[in-house]
Amino acid sequence: MSDTLLVTGAAGQLGRAVIRHLLTTLNIPAARIIATTRKPEQLQDFAAQGVAVRAADFDAPETLAAAFAGANRMLLISTDKLDRPGYRAEQHGRAIAAAEQAGIGHVIYTSMPKPDNSPLLISPDHALTEQALRDSRLSGWTVLRHHWYFENLFASLPHILGSGRWFTADEGGASADIARDDLARAAATVLASGGGGKTVHTLSGAQALTKVEMARILSAATGKPIEVVQVPLEGLIQGMVGAGLPRPVAEVFASFDTNTAQGRVAEVTGDYQAITGVAPQSFAGWVQAVKAAFA
Ligand SMILES: NC(=O)c1ccc[n+]([C@@H]2O[C@H](COP(=O)([O-])OP(=O)(O)OC[C@H]3O[C@@H](n4cnc5c(N)ncnc54)[C@H](OP(=O)(O)O)[C@@H]3O)[C@@H](O)[C@H]2O)c1
């Protein structure tokens, strides 16, 4: 197999981990890898190993033809503008159009679980991007519906551990989260697989846990008590606004809890293991591995 493999957004945390898995877990020669990014200067370590690092910005479509030239398969990593619902779908649409123009045969996209008709305010970007793939002239594509990263906890954990209280409006719903590095491994595996077709996989962790169950594991690892406090959705939004978040951003964050309350991230699938051949890390194992960072 001699496909040239391209990863967009390669300077992001997921993108870097995908390149690392291509090089080390899957032993793909660096000469077969193209890393595109808005920040080529941040990928000098990969460039030194022989990865082709190219500048690409979905907001500057004129950069994409040269950046995508010569690639056979592309991992399209979703962008990060969460405060402008709809904008990411436009960015991804430009990337898909440029992939078609460049003659890329297969595009893999990082989506979310159950993006259609979701109460999550960022879901339309993913649903529209999946639709753009279905509407495209690409000969093949793979949608990887990523469950939420364990790592998302790093944003809220300092406050939770400091106050001993974890406010939520998820009504006790469970969430089958997964380590970001596992998602990177799965994406690298699909990218390098040479597989065609038009398929959707949902990549969950090994178990669905409620916040009470997660809090128990976090407390055991840190020695700090955590009380999960259910509040009404509006109360959660007001709390975030009071802490300084603009209301539209607070509404986006709070909509994650509505999504969880509706059971939309509770499904445990076997797709990760089917793709990679290994089990995903457990939440408890991940906490043990990273708990020094919680201090
Ligand atoms: N499942 C989850 O729990 C979860 C959590 C957070 C985020 N996400 C999604 O997954 C993506 C990757 O996660 P991450 O942890 O790697 O996030 P991150 O470190 O914040 O990376 C942001 C990503 O967006 C790319 N990007 C932003 N603007 C772009 C543009 N104009 N053109 C091309 N690429 C652009 C960045 O590429 P460069 O910097 O290399 O240009 C980078 O890959 C995020 O962007 C977001 O869509 C999912």
# chains A, B, ... in the order shown; residues from 1 in each chain; ligands from 1
call {"tool": "residues_near_ligand", "arguments": {"ligand": "ligand 1", "cutoff": "7 Å", "atoms": "only C-alpha atoms and all ligand atoms", "output": "PyMOL selection string"}}
result
chain A and resi 8-15+36-39+56-59+77-81+91+110+112+146-149+152
call {"tool": "write_last_selection", "arguments": {"atoms": "N, CA and C atoms", "output": "short mmCIF file (atom, residue, chain, number, x, y, z; two decimals), in the first residue's frame"}}
result
data_model
loop_
_atom_site.label_atom_id
_atom_site.label_comp_id
_atom_site.auth_asym_id
_atom_site.auth_seq_id
_atom_site.Cartn_x
_atom_site.Cartn_y
_atom_site.Cartn_z
N THR A 8 -5.44 17.08 8.18
CA THR A 8 -5.64 18.53 8.33
C THR A 8 -5.60 18.87 9.82
N GLY A 9 -5.42 20.15 10.12
CA GLY A 9 -5.42 20.57 11.53
C GLY A 9 -4.37 19.85 12.33
N ALA A 10 -3.22 19.62 11.71
CA ALA A 10 -2.23 18.72 12.31
C ALA A 10 -1.53 19.31 13.53
N ALA A 11 -1.65 20.63 13.75
CA ALA A 11 -1.01 21.20 14.95
C ALA A 11 -1.92 21.14 16.16
N GLY A 12 -3.18 20.74 15.98
CA GLY A 12 -4.08 20.59 17.12
C GLY A 12 -3.69 19.35 17.93
N GLN A 13 -4.34 19.20 19.07
CA GLN A 13 -3.98 18.09 19.97
C GLN A 13 -4.32 16.73 19.33
N LEU A 14 -5.48 16.64 18.72
CA LEU A 14 -5.85 15.39 18.05
C LEU A 14 -4.95 15.15 16.84
N GLY A 15 -4.73 16.21 16.05
CA GLY A 15 -3.92 16.08 14.83
C GLY A 15 -2.52 15.59 15.12
N THR A 36 -1.21 19.15 7.23
CA THR A 36 -1.55 20.54 6.88
C THR A 36 -2.02 21.27 8.14
N THR A 37 -1.73 22.55 8.19
CA THR A 37 -1.98 23.33 9.39
C THR A 37 -1.92 24.81 9.08
N ARG A 38 -2.54 25.63 9.96
CA ARG A 38 -2.36 27.07 9.85
C ARG A 38 -1.02 27.49 10.46
N LYS A 39 -0.37 26.56 11.16
CA LYS A 39 0.82 26.93 11.94
C LYS A 39 1.98 25.98 11.64
N ALA A 56 -2.22 25.33 5.39
CA ALA A 56 -3.60 25.26 4.89
C ALA A 56 -4.53 25.88 5.92
N ASP A 57 -5.46 26.69 5.43
CA ASP A 57 -6.43 27.34 6.32
C ASP A 57 -7.77 27.28 5.61
N PHE A 58 -8.77 26.66 6.24
CA PHE A 58 -10.08 26.54 5.58
C PHE A 58 -10.73 27.90 5.39
N ASP A 59 -10.24 28.93 6.09
CA ASP A 59 -10.75 30.29 5.87
C ASP A 59 -10.04 30.97 4.71
N ILE A 77 -10.07 17.03 10.14
CA ILE A 77 -10.34 17.24 11.57
C ILE A 77 -11.23 18.47 11.71
N SER A 78 -12.36 18.29 12.40
CA SER A 78 -13.31 19.39 12.56
C SER A 78 -12.62 20.56 13.25
N THR A 79 -13.02 21.77 12.88
CA THR A 79 -12.37 22.98 13.41
C THR A 79 -13.00 23.35 14.75
N ASP A 80 -12.54 24.46 15.32
CA ASP A 80 -12.82 24.70 16.73
C ASP A 80 -13.65 25.95 17.03
N LYS A 81 -14.30 26.53 16.05
CA LYS A 81 -15.06 27.76 16.29
C LYS A 81 -16.45 27.41 16.84
N GLN A 91 -16.58 25.98 6.79
CA GLN A 91 -15.14 25.67 6.68
C GLN A 91 -14.94 24.25 6.16
N THR A 110 -14.16 13.81 11.46
CA THR A 110 -14.38 13.64 12.91
C THR A 110 -15.68 14.31 13.32
N MET A 112 -19.67 13.82 15.62
CA MET A 112 -20.12 13.60 17.00
C MET A 112 -21.22 12.53 16.99
N HIS A 146 -17.09 10.85 17.01
CA HIS A 146 -16.30 10.82 18.25
C HIS A 146 -17.17 11.12 19.46
N HIS A 147 -17.17 10.22 20.43
CA HIS A 147 -17.74 10.56 21.74
C HIS A 147 -16.86 11.62 22.40
N TRP A 148 -17.33 12.15 23.53
CA TRP A 148 -16.57 13.25 24.18
C TRP A 148 -15.28 12.74 24.78
N TYR A 149 -14.27 13.61 24.72
CA TYR A 149 -12.96 13.25 25.26
C TYR A 149 -13.00 13.24 26.79
N ASN A 152 -11.79 16.61 28.18
CA ASN A 152 -12.61 17.81 28.35
C ASN A 152 -12.71 18.19 29.83
#
call {"tool": "closest_atom_pairs", "arguments": {"of": "range 134-186 of chain A", "to": "range 283-292 of chain A", "cutoff": "9 Å", "atoms": "only C-alpha atoms", "output": "JSON lines"}}
result
{"residue": "A:Phe150", "atom": "CA", "partner": "A:Phe283", "partner_atom": "CA", "distance": 7.3}
{"residue": "A:Asp177", "atom": "CA", "partner": "A:Phe283", "partner_atom": "CA", "distance": 7.8}
{"residue": "A:Ile178", "atom": "CA", "partner": "A:Phe283", "partner_atom": "CA", "distance": 7.4}
{"residue": "A:Ala179", "atom": "CA", "partner": "A:Trp286", "partner_atom": "CA", "distance": 7.4}
call {"tool": "write_last_selection", "arguments": {"atoms": "N, CA and C atoms", "output": "compact mmCIF listing (two decimals), in the first residue's frame"}}
result
# COMPACT_ATOMS: atom_id res chain seq x y z
N PHE A 150 -12.32 12.29 27.42
CA PHE A 150 -12.05 12.39 28.86
C PHE A 150 -11.38 13.74 29.15
N ASP A 177 -17.72 8.39 27.42
CA ASP A 177 -16.57 9.17 26.95
C ASP A 177 -15.37 8.26 26.65
N ILE A 178 -14.38 8.84 25.99
CA ILE A 178 -13.23 8.06 25.50
C ILE A 178 -12.00 8.95 25.52
N ALA A 179 -10.83 8.36 25.63
CA ALA A 179 -9.59 9.15 25.63
C ALA A 179 -9.32 9.72 24.23
call {"tool": "select_by_dssp", "arguments": {"residues": "range 142-251 of chain A", "states": "strand (DSSP E or B)", "output": "list in words"}}
result
Thr142, Val143, Leu144, Arg145, His146, Tyr149, Arg165, Trp166, Phe167, Thr168, Ser175, Ile178, Lys198, Thr199, Val200, His201, Thr202, Leu203, Leu209, Glu227, Val228, Val229 and Gln230 of chain A
call {"tool": "write_last_selection", "arguments": {"atoms": "N, CA and C atoms", "output": "CSV table (one decimal), in the first residue's frame"}}
result
chain,number,residue,atom,x,y,z
A,142,THR,N,-15.4,8.2,5.3
A,142,THR,CA,-15.7,7.5,6.5
A,142,THR,C,-16.0,8.6,7.5
A,143,VAL,N,-17.2,8.5,8.2
A,143,VAL,CA,-17.5,9.4,9.3
A,143,VAL,C,-17.1,8.7,10.6
A,144,LEU,N,-16.3,9.3,11.4
A,144,LEU,CA,-16.0,8.8,12.7
A,144,LEU,C,-16.7,9.7,13.7
A,145,ARG,N,-17.8,9.2,14.3
A,145,ARG,CA,-18.5,10.0,15.3
A,145,ARG,C,-17.8,9.8,16.7
A,146,HIS,N,-17.1,10.9,17.0
A,146,HIS,CA,-16.3,10.8,18.3
A,146,HIS,C,-17.2,11.1,19.5
A,149,TYR,N,-14.3,13.6,24.7
A,149,TYR,CA,-13.0,13.3,25.3
A,149,TYR,C,-13.0,13.2,26.8
A,165,ARG,N,-17.9,20.7,44.3
A,165,ARG,CA,-19.3,20.6,43.8
A,165,ARG,C,-19.2,20.6,42.3
A,166,TRP,N,-20.0,19.7,41.7
A,166,TRP,CA,-20.1,19.5,40.2
A,166,TRP,C,-21.5,19.8,39.8
A,167,PHE,N,-21.7,21.0,39.3
A,167,PHE,CA,-23.1,21.4,38.9
A,167,PHE,C,-23.4,20.9,37.5
A,168,THR,N,-24.6,20.4,37.3
A,168,THR,CA,-25.0,19.8,36.0
A,168,THR,C,-26.5,19.9,35.8
A,175,SER,N,-22.7,9.0,30.0
A,175,SER,CA,-21.9,9.5,28.9
A,175,SER,C,-20.8,8.5,28.7
A,178,ILE,N,-14.4,8.8,26.0
A,178,ILE,CA,-13.2,8.1,25.5
A,178,ILE,C,-12.0,9.0,25.5
A,198,LYS,N,-18.5,4.0,2.0
A,198,LYS,CA,-19.1,5.2,2.6
A,198,LYS,C,-19.7,4.7,3.9
A,199,THR,N,-19.0,4.9,5.0
A,199,THR,CA,-19.4,4.3,6.3
A,199,THR,C,-19.4,5.3,7.4
A,200,VAL,N,-20.2,4.9,8.4
A,200,VAL,CA,-20.2,5.8,9.7
A,200,VAL,C,-19.9,4.8,10.9
A,201,HIS,N,-19.0,5.3,11.7
A,201,HIS,CA,-18.6,4.5,12.9
A,201,HIS,C,-18.8,5.5,14.1
A,202,THR,N,-19.3,4.9,15.2
A,202,THR,CA,-19.4,5.7,16.4
A,202,THR,C,-18.4,5.2,17.5
A,203,LEU,N,-17.5,6.1,17.8
A,203,LEU,CA,-16.4,5.7,18.7
A,203,LEU,C,-16.6,6.1,20.1
A,209,LEU,N,-20.9,6.3,31.9
A,209,LEU,CA,-20.8,6.6,33.3
A,209,LEU,C,-21.7,7.9,33.6
A,227,GLU,N,-19.4,16.5,45.2
A,227,GLU,CA,-20.8,16.3,45.2
A,227,GLU,C,-21.4,16.7,43.9
A,228,VAL,N,-22.2,15.9,43.2
A,228,VAL,CA,-22.8,16.2,42.0
A,228,VAL,C,-24.1,16.9,42.3
A,229,VAL,N,-24.3,18.1,41.8
A,229,VAL,CA,-25.5,18.9,42.1
A,229,VAL,C,-26.3,19.1,40.8
A,230,GLN,N,-27.5,18.5,40.8
A,230,GLN,CA,-28.4,18.7,39.6
A,230,GLN,C,-29.1,20.1,39.7
call {"tool": "atom_distance", "arguments": {"atom1": "CA of Thr210 in chain A", "atom2": "CA of Ala176 in chain A"}}
result
8.9 Å
call {"tool": "select_by_dssp", "arguments": {"residues": "range 102-144 of chain A", "states": "helix (DSSP H, G or I)", "output": "ChimeraX atom specification"}}
result
/A:102,123-135
call {"tool": "write_last_selection", "arguments": {"atoms": "C-alpha atoms", "output": "mmCIF file, in the first residue's frame"}}
result
data_model
loop_
_atom_site.group_PDB
_atom_site.id
_atom_site.type_symbol
_atom_site.label_atom_id
_atom_site.label_comp_id
_atom_site.auth_asym_id
_atom_site.auth_seq_id
_atom_site.Cartn_x
_atom_site.Cartn_y
_atom_site.Cartn_z
ATOM 1 C CA ALA A 102 -7.432 17.690 -5.668
ATOM 2 C CA SER A 123 -24.562 19.638 16.310
ATOM 3 C CA PRO A 124 -25.716 21.279 13.037
ATOM 4 C CA ASP A 125 -22.086 21.821 12.021
ATOM 5 C CA HIS A 126 -21.482 18.075 12.199
ATOM 6 C CA ALA A 127 -24.828 17.101 10.637
ATOM 7 C CA LEU A 128 -24.235 19.522 7.744
ATOM 8 C CA THR A 129 -20.671 18.280 7.208
ATOM 9 C CA GLU A 130 -21.865 14.680 7.112
ATOM 10 C CA GLN A 131 -24.466 15.792 4.549
ATOM 11 C CA ALA A 132 -21.750 17.512 2.500
ATOM 12 C CA LEU A 133 -19.869 14.212 2.363
ATOM 13 C CA ARG A 134 -23.004 12.365 1.240
ATOM 14 C CA ASP A 135 -23.576 15.028 -1.437
#
call {"tool": "closest_residue", "arguments": {"among": "A:Leu157, A:Val249, A:Ala98, A:Leu43", "to": "Ala60 in chain A", "atoms": "only C-alpha atoms"}}
result
A:Ala98
call {"tool": "decode", "arguments": {"residues": "range 215-287 of chain A", "atoms": "C-alpha atoms", "output": "tab-separated table (two decimals), in the first residue's frame"}}
result
chain	number	residue	atom	x	y	z
A	215	ALA	CA	-17.07	11.79	40.63
A	216	ARG	CA	-16.56	8.65	42.73
A	217	ILE	CA	-13.57	7.64	40.57
A	218	LEU	CA	-12.14	11.17	40.61
A	219	SER	CA	-12.57	11.43	44.39
A	220	ALA	CA	-10.83	8.10	44.96
A	221	ALA	CA	-7.90	9.24	42.79
A	222	THR	CA	-7.54	12.72	44.26
A	223	GLY	CA	-8.72	12.22	47.82
A	224	LYS	CA	-11.11	15.14	47.38
A	225	PRO	CA	-14.89	14.84	47.90
A	226	ILE	CA	-17.09	15.79	44.94
A	227	GLU	CA	-20.84	16.29	45.24
A	228	VAL	CA	-22.79	16.23	41.96
A	229	VAL	CA	-25.51	18.90	42.11
A	230	GLN	CA	-28.38	18.74	39.61
A	231	VAL	CA	-29.69	22.19	38.69
A	232	PRO	CA	-32.27	23.38	36.14
A	233	LEU	CA	-30.83	24.25	32.70
A	234	GLU	CA	-31.43	27.99	33.19
A	235	GLY	CA	-29.68	27.84	36.56
A	236	LEU	CA	-26.64	26.26	34.92
A	237	ILE	CA	-26.59	28.95	32.22
A	238	GLN	CA	-26.92	31.71	34.85
A	239	GLY	CA	-24.05	30.20	36.82
A	240	MET	CA	-21.77	30.29	33.79
A	241	VAL	CA	-22.86	33.85	32.91
A	242	GLY	CA	-22.14	34.84	36.51
A	243	ALA	CA	-18.66	33.36	36.13
A	244	GLY	CA	-18.07	35.64	33.13
A	245	LEU	CA	-19.10	33.63	30.08
A	246	PRO	CA	-21.14	35.40	27.38
A	247	ARG	CA	-24.69	34.01	27.45
A	248	PRO	CA	-24.54	32.46	23.92
A	249	VAL	CA	-21.40	30.54	24.89
A	250	ALA	CA	-22.98	29.45	28.20
A	251	GLU	CA	-26.01	28.20	26.24
A	252	VAL	CA	-23.75	26.13	24.00
A	253	PHE	CA	-22.01	24.53	27.00
A	254	ALA	CA	-25.30	23.91	28.81
A	255	SER	CA	-26.76	22.23	25.73
A	256	PHE	CA	-24.22	19.42	26.23
A	257	ASP	CA	-26.13	18.54	29.42
A	258	THR	CA	-29.49	18.57	27.62
A	259	ASN	CA	-27.97	16.24	25.04
A	260	THR	CA	-26.74	13.91	27.82
A	261	ALA	CA	-30.10	14.05	29.60
A	262	GLN	CA	-31.74	12.78	26.42
A	263	GLY	CA	-29.47	9.71	26.42
A	264	ARG	CA	-27.73	10.71	23.21
A	265	VAL	CA	-24.16	9.95	24.37
A	266	ALA	CA	-24.87	6.88	26.50
A	267	GLU	CA	-24.52	4.23	23.83
A	268	VAL	CA	-21.46	1.96	24.15
A	269	THR	CA	-20.35	0.68	20.76
A	270	GLY	CA	-17.73	-1.86	19.76
A	271	ASP	CA	-16.55	0.28	16.83
A	272	TYR	CA	-13.29	1.42	18.44
A	273	GLN	CA	-12.14	-2.13	19.11
A	274	ALA	CA	-13.36	-3.32	15.70
A	275	ILE	CA	-11.18	-0.66	14.01
A	276	THR	CA	-8.06	-0.83	16.16
A	277	GLY	CA	-8.13	-4.40	17.51
A	278	VAL	CA	-7.60	-3.14	21.07
A	279	ALA	CA	-9.95	-2.06	23.86
A	280	PRO	CA	-10.34	1.65	24.65
A	281	GLN	CA	-8.80	2.95	27.89
A	282	SER	CA	-11.20	2.90	30.82
A	283	PHE	CA	-12.08	6.14	32.60
A	284	ALA	CA	-10.56	4.84	35.84
A	285	GLY	CA	-7.35	3.86	34.04
A	286	TRP	CA	-7.15	7.23	32.33
A	287	VAL	CA	-7.65	9.05	35.64
